[in-house]
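Notes follow the structure.
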2 protein chains.
Amino acid sequence: MTAVLVVDDDAYLLRALRITLQAHGYDVVTAVDGRSALLAARQQPPALVILDLGLPDMDGSAVIRKLRGWSAVPVLVLSARHGSEDKVEALDAGADDYITKPFGLEELLARLRALLRRSAETEQPTVITTDAFTVDLGKRRVLRDGQDIRLTPTEWKMLEVLVRSPEKLVTQQQLLSEVWGPAYAKETNYLRVYMAQLRRKLEPEAATPRHLITEAGTGYRFLP
Amino acid sequence: MTAVLVVDDDAYLLRALRITLQAHGYDVVTAVDGRSALLAARQQPPALVILDLGLPDMDGSAVIRKLRGWSAVPVLVLSARHGSEDKVEALDAGADDYITKPFGLEELLARLRALLRRSAETEQPTVITTDAFTVDLGKRRVLRDGQDIRLTPTEWKMLEVLVRSPEKLVTQQQLLSEVWGPAYAKETNYLRVYMAQLRRKLEPEAATPRHLITEAGTGYRFLP
DNA sequence: GGGGATCTTGACGAATCCTTGACGCAGGGC
DNA sequence: GCCCTGCGTCAAGGATTCGTCAAGATCCCC
């Protein structure tokens with residue numbers, strides 16, 4: 001899911017943006033000042049940043065310049081000022097777009113789509129490798145002996161959940177609710193069927209799995 | 001030198017923009033209506049397009065959509081209207097930024113710099129070759145056995161999206177929203193129709209595609 | 001206004017995927 | 001030793017999704 005970092009010291013606006021963005025399918029992380037914004041951007045790199053220039057602790061353009069020191073994430077600036085000097089400064093500091101308050105949410109969403117459309121081409125892949133197969137989360141692809149393995153949507157989702165937290169035990173309920181939805185928390189036989197398919201496709205010896213381990217009674221675990 | 005295509009029917013504004021832009025080191029090409037703008041963009045591909053929405057001969061969003069049929073050049077829209085519907089429509093048609101008249105020249109220049117900065121990062125190898133055909137993204141051409149293959153704008157756009165990220169699975173929603181716009185995210189039958197056409201034109205055996213692969217239930221994938 | 005290219009729309013078998021039930025096996029408690 | 005529970009396996013059916021075709025609508029250039 002697309003993660004958006006919203007930085008604003010106005011709690012009301014922050015809340016409105018969170019609700020609107022989430023309703024349109026974005027993951028929302030919020031920050032109320034420049035320092036926590038930079039920290040959040042580093043810890044959970046978002047796909048886009050919405051930044052209010054009027055922050056309590058530091059100048060908005062300074063935030064952009066710091067961010068640009070190590071990230072190329074698109075930045076959409078909000079500001080109450082109409083002055084052109086502010087716009088010029090923010091844009092030249094590295095912002096990608098600039099909206100003046102008050103603004104329409106539809107316009108914000110449209111500008112956000114335009115920015116994401118542009119940056120969609122420049123994202124880097126996450127690759128997990130084992131001695132038997134390779135999972136490319138960015139390309140949604142699995143390789144085994146150089147051949148690409150064809151997975152059904154359900155097989156892929158299940159593998160993705162496991163692979164995203166290596167060595168960690170994923171309970172049956174977590175798997176079921178992430179792949180099939182919270183309503184399917186008792187259909188553990190689905191897990192057995194699809195785990196068998198994954199093993200047949202990925203494990204060298206499906207009978208003695210070394211990467212897709214079952215923890216009897218609780219869930220499954222992925223070992224690289 | 002960086003070439004900018006300025007499209008506006010206001011002779012005075014056109015003149016002012018030409019002088020300002022040239023003073024800042026840009027090459028300026030002008031057009032006064034949609035038709036000549038599209039023609040000029042084709043004959044002398046600019047690095048950026050500044051487009052006034054209020055053109056005498058056609059709707060501004062229609063110009064953008066046509067342009068997007070074969071070009072990814074950044075588009076900066078000028079408009080006298082403040083309504084958010086116009087902005088949303090233009091941005092979703094493929095525009096990258098939107099300024100409302102009257103605007104400050106400094107702001108225009110700053111936004112222009114921001115757009116050019118972005119597009120400079122996105123430059124990538126523009127010729128992709130497979131053992132069956134060759135795609136030249138820069139020249140918007142497809143060759144097969146030395147022959148020029150004729151693609152419709154929609155076919156081209158779809159092929160371009162797939163080819164720009166080789167081996168990557170492109171979701172049906174991604175394809176639909178990039179080719180037809182975010183509002184068409186459910187018209188998956190369009191994909192089937194156009195994918196069939198692309199395969200007929202590009203694949204040696206359209207019945208057993210080797211480069212344009214379908215991932216049932218999720219999307220499509222291009223393999224070189 | 002006319003003709004050609006392009007885009008939409010609907011319908012149909014074919015291919016793929018998901019669900020479901022049955023069966024065997026292993027381990028643990030009694 | 002016996003029963004019970006949880007897991008792996010298999011295959012069939014039913015439900016989706018896909019490829020294909022063709023006809024109508026629309027756009028565009030002359």
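In the structure tokens, chains take the letters A, B, ... in the order shown, each chain's residues start at 1, and ligands count up from 1 in the order shown.
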
### Task
Write out as a list in words which residues come within 9 Å of D:DT20 when counting only C-alpha atoms (C1' of nucleotides), dropping same-chain ones fewer than 3 positions away.
Val193 and Ala196 of chain B; DC12 of chain C

#### Entry: chain C contacts on chain B, only C-alpha atoms (C1' of nucleotides), 9 Å, as a ChimeraX atom specification
/B:152-154,190,216-217

Pairing the C-alpha atoms in order across the whole chain, superpose chain B onto chain A by least squares and write the result as a compact mmCIF listing (two decimals) with C-alpha atoms, in the first residue's frame.
# COMPACT_ATOMS: atom_id res chain seq x y z
CA MET B 1 17.78 14.15 -7.85
CA THR B 2 15.36 13.46 -5.02
CA ALA B 3 11.80 13.17 -6.27
CA VAL B 4 8.93 14.29 -4.04
CA LEU B 5 5.29 13.60 -4.80
CA VAL B 6 3.01 16.32 -3.43
CA VAL B 7 -0.69 15.48 -3.14
CA ASP B 8 -3.09 18.30 -2.35
CA ASP B 9 -6.31 19.64 -3.81
CA ASP B 10 -5.52 23.22 -2.89
CA ALA B 11 -4.00 24.67 -6.04
CA TYR B 12 -2.47 27.57 -4.20
CA LEU B 13 -0.72 25.44 -1.63
CA LEU B 14 0.37 23.01 -4.30
CA ARG B 15 1.99 25.84 -6.19
CA ALA B 16 3.70 27.20 -3.11
CA LEU B 17 5.08 23.79 -2.20
CA ARG B 18 6.28 23.16 -5.72
CA ILE B 19 8.20 26.41 -5.81
CA THR B 20 9.68 25.98 -2.35
CA LEU B 21 10.71 22.39 -2.87
CA GLN B 22 12.22 23.05 -6.25
CA ALA B 23 14.14 25.97 -4.81
CA HIS B 24 15.64 23.52 -2.32
CA GLY B 25 16.73 21.11 -4.98
CA TYR B 26 13.94 18.55 -5.07
CA ASP B 27 12.19 17.16 -8.11
CA VAL B 28 8.48 17.77 -7.66
CA VAL B 29 5.57 15.74 -9.00
CA THR B 30 2.06 16.84 -8.04
CA ALA B 31 -1.36 15.26 -7.83
CA VAL B 32 -4.72 16.71 -6.79
CA ASP B 33 -6.58 13.59 -5.65
CA GLY B 34 -6.00 10.11 -4.31
CA ARG B 35 -6.39 8.22 -7.54
CA SER B 36 -3.94 10.25 -9.55
CA ALA B 37 -1.57 10.23 -6.60
CA LEU B 38 -1.47 6.44 -6.49
CA LEU B 39 -1.06 6.34 -10.24
CA ALA B 40 1.81 8.82 -10.15
CA ALA B 41 3.51 6.97 -7.28
CA ARG B 42 3.43 3.82 -9.33
CA GLN B 43 4.66 5.31 -12.58
CA GLN B 44 7.40 7.52 -11.13
CA PRO B 45 8.25 6.12 -7.69
CA PRO B 46 9.20 9.16 -5.57
CA ALA B 47 11.65 9.25 -2.66
CA LEU B 48 8.98 10.79 -0.44
CA VAL B 49 5.27 11.61 -0.51
CA ILE B 50 3.65 14.70 0.99
CA LEU B 51 -0.03 13.93 1.36
CA ASP B 52 -2.93 16.15 2.31
CA LEU B 53 -5.58 14.16 4.15
CA GLY B 54 -8.49 16.22 2.84
CA LEU B 55 -8.73 14.94 -0.69
CA PRO B 56 -11.86 15.21 -2.80
CA ASP B 57 -12.13 11.63 -3.97
CA MET B 58 -11.08 9.39 -1.10
CA ASP B 59 -10.05 9.23 2.53
CA GLY B 60 -6.42 10.07 3.19
CA SER B 61 -5.76 7.01 5.32
CA ALA B 62 -7.15 4.85 2.53
CA VAL B 63 -4.60 6.36 0.18
CA ILE B 64 -1.81 5.51 2.59
CA ARG B 65 -3.02 1.96 3.04
CA LYS B 66 -3.20 1.43 -0.71
CA LEU B 67 0.22 2.89 -1.19
CA ARG B 68 1.60 0.67 1.55
CA GLY B 69 0.24 -2.30 -0.35
CA TRP B 70 3.26 -2.13 -2.63
CA SER B 71 5.57 0.68 -1.52
CA ALA B 72 7.59 1.58 1.56
CA VAL B 73 8.15 5.21 0.54
CA PRO B 74 8.11 7.65 3.49
CA VAL B 75 4.82 9.52 3.77
CA LEU B 76 4.48 12.95 5.36
CA VAL B 77 0.86 13.86 6.07
CA LEU B 78 -0.60 17.36 6.01
CA SER B 79 -3.91 18.03 7.64
CA ALA B 80 -6.12 20.87 8.77
CA ARG B 81 -7.56 18.77 11.58
CA HIS B 82 -6.05 18.87 15.03
CA GLY B 83 -7.97 15.88 16.34
CA SER B 84 -5.76 13.12 17.64
CA GLU B 85 -7.93 10.36 16.12
CA ASP B 86 -7.02 11.53 12.65
CA LYS B 87 -3.35 11.51 13.50
CA VAL B 88 -3.48 8.07 15.06
CA GLU B 89 -5.41 6.69 12.14
CA ALA B 90 -3.03 8.12 9.55
CA LEU B 91 0.09 7.04 11.40
CA ASP B 92 -1.19 3.53 11.97
CA ALA B 93 -2.22 3.32 8.34
CA GLY B 94 1.47 3.65 7.55
CA ALA B 95 2.29 7.36 7.54
CA ASP B 96 5.67 8.39 8.93
CA ASP B 97 4.96 11.93 10.03
CA TYR B 98 2.08 14.33 10.43
CA ILE B 99 1.95 18.14 10.32
CA THR B 100 -1.07 20.23 11.12
CA LYS B 101 -1.97 23.25 9.00
CA PRO B 102 -1.01 25.97 9.14
CA PHE B 103 2.63 25.01 9.25
CA GLY B 104 5.89 26.78 8.61
CA LEU B 105 7.73 25.89 5.45
CA GLU B 106 10.96 25.66 7.40
CA GLU B 107 9.44 23.03 9.65
CA LEU B 108 8.12 21.10 6.68
CA LEU B 109 11.55 21.12 5.08
CA ALA B 110 13.20 20.02 8.31
CA ARG B 111 10.79 17.12 8.76
CA LEU B 112 11.29 16.20 5.16
CA ARG B 113 15.04 16.11 5.64
CA ALA B 114 14.64 13.95 8.75
CA LEU B 115 12.50 11.45 6.87
CA LEU B 116 14.84 11.28 3.90
CA ARG B 117 17.83 10.88 6.20
CA ARG B 118 16.12 7.88 7.81
CA SER B 119 15.12 6.22 4.60
CA ALA B 120 18.58 6.68 3.14
CA GLU B 121 19.97 4.42 5.87
CA THR B 122 17.39 1.75 5.26
CA GLU B 123 18.32 1.09 1.65
CA GLN B 124 19.21 -2.51 1.22
CA PRO B 125 19.64 -5.07 -1.54
CA THR B 126 16.27 -5.41 -3.12
CA VAL B 127 16.56 -8.71 -4.91
CA ILE B 128 16.36 -11.92 -2.91
CA THR B 129 16.79 -15.24 -4.64
CA THR B 130 15.96 -18.76 -3.59
CA ASP B 131 16.17 -21.94 -5.62
CA ALA B 132 12.45 -21.79 -6.20
CA PHE B 133 11.66 -18.11 -6.73
CA THR B 134 13.08 -14.58 -6.87
CA VAL B 135 11.70 -11.55 -5.07
CA ASP B 136 12.46 -8.07 -6.36
CA LEU B 137 11.49 -5.69 -3.60
CA GLY B 138 12.24 -2.58 -5.62
CA LYS B 139 10.09 -3.52 -8.58
CA ARG B 140 7.55 -5.37 -6.46
CA ARG B 141 7.79 -8.50 -8.55
CA VAL B 142 8.13 -12.20 -7.90
CA LEU B 143 9.55 -14.52 -10.52
CA ARG B 144 9.31 -18.29 -10.58
CA ASP B 145 10.83 -20.24 -13.47
CA GLY B 146 11.11 -16.95 -15.34
CA GLN B 147 7.37 -16.43 -14.98
CA ASP B 148 5.81 -13.47 -13.27
CA ILE B 149 3.82 -14.53 -10.22
CA ARG B 150 0.80 -12.41 -9.49
CA LEU B 151 0.35 -11.51 -5.82
CA THR B 152 -2.45 -9.58 -4.17
CA PRO B 153 -1.45 -6.53 -2.11
CA THR B 154 -1.86 -8.41 1.16
CA GLU B 155 0.09 -11.39 -0.07
CA TRP B 156 2.85 -9.10 -1.22
CA LYS B 157 3.06 -7.15 2.01
CA MET B 158 3.29 -10.33 4.02
CA LEU B 159 5.97 -11.78 1.78
CA GLU B 160 7.87 -8.51 1.91
CA VAL B 161 7.96 -8.44 5.71
CA LEU B 162 9.28 -11.99 5.82
CA VAL B 163 11.79 -11.56 3.02
CA ARG B 164 13.21 -8.32 4.39
CA SER B 165 14.72 -10.21 7.31
CA PRO B 166 15.85 -13.56 5.99
CA GLU B 167 16.18 -16.46 8.42
CA LYS B 168 14.63 -14.36 11.12
CA LEU B 169 11.60 -15.54 13.00
CA VAL B 170 8.82 -13.01 12.55
CA THR B 171 6.23 -13.09 15.30
CA GLN B 172 2.58 -13.47 14.47
CA GLN B 173 2.00 -10.11 16.14
CA GLN B 174 4.72 -8.47 14.10
CA LEU B 175 3.29 -9.80 10.88
CA LEU B 176 -0.27 -8.85 11.74
CA SER B 177 0.62 -5.36 12.86
CA GLU B 178 2.83 -4.68 9.85
CA VAL B 179 0.39 -6.01 7.29
CA TRP B 180 -3.02 -5.31 8.78
CA GLY B 181 -2.20 -2.76 11.50
CA PRO B 182 -1.68 -2.93 15.27
CA ALA B 183 -5.38 -3.40 15.92
CA TYR B 184 -5.42 -6.83 14.26
CA ALA B 185 -2.88 -8.46 16.57
CA LYS B 186 -5.20 -11.33 17.44
CA GLU B 187 -6.52 -12.34 14.04
CA THR B 188 -4.05 -15.16 13.59
CA ASN B 189 -6.31 -16.97 11.17
CA TYR B 190 -5.54 -14.32 8.56
CA LEU B 191 -1.96 -15.48 8.68
CA ARG B 192 -2.92 -19.08 8.08
CA VAL B 193 -5.05 -18.21 5.08
CA TYR B 194 -2.49 -15.99 3.40
CA MET B 195 0.47 -18.17 4.23
CA ALA B 196 -1.33 -21.02 2.49
CA GLN B 197 -1.84 -18.83 -0.58
CA LEU B 198 1.79 -17.75 -0.67
CA ARG B 199 2.95 -21.33 -0.43
CA ARG B 200 0.61 -22.42 -3.18
CA LYS B 201 2.02 -19.72 -5.42
CA LEU B 202 5.70 -19.92 -4.49
CA GLU B 203 6.67 -23.25 -2.99
CA PRO B 204 7.45 -26.16 -5.32
CA GLU B 205 5.58 -28.43 -2.93
CA ALA B 206 3.14 -26.42 -0.90
CA ALA B 207 2.59 -29.33 1.47
CA THR B 208 6.27 -29.44 2.51
CA PRO B 209 7.43 -25.82 2.48
CA ARG B 210 11.16 -25.19 2.39
CA HIS B 211 11.28 -21.41 2.31
CA LEU B 212 8.22 -20.24 4.19
CA ILE B 213 8.52 -22.09 7.46
CA THR B 214 6.00 -22.03 10.28
CA GLU B 215 7.20 -21.95 13.85
CA ALA B 216 4.25 -23.33 15.74
CA GLY B 217 2.97 -21.07 18.45
CA THR B 218 5.11 -18.07 17.61
CA GLY B 219 5.31 -17.08 13.96
CA TYR B 220 6.90 -17.68 10.56
CA ARG B 221 10.34 -17.62 9.03
CA PHE B 222 11.73 -17.12 5.52
CA LEU B 223 14.71 -19.23 4.49
CA PRO B 224 16.47 -18.40 1.18

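Applying a distance limit of 9 Å to only C-alpha atoms (C1' of nucleotides), the residues of chain D near chain B read DT16, DT17, DC18, DG19 and DT20 of chain D.
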
### Task
Run DSSP on the backbone and give me the residues of stretch 93-171 of chain A it puts in strand (DSSP E), as an NGL selection string.
:A and (97-100 or 127-129 or 134-136 or 141-144 or 147-149 or 169-171)
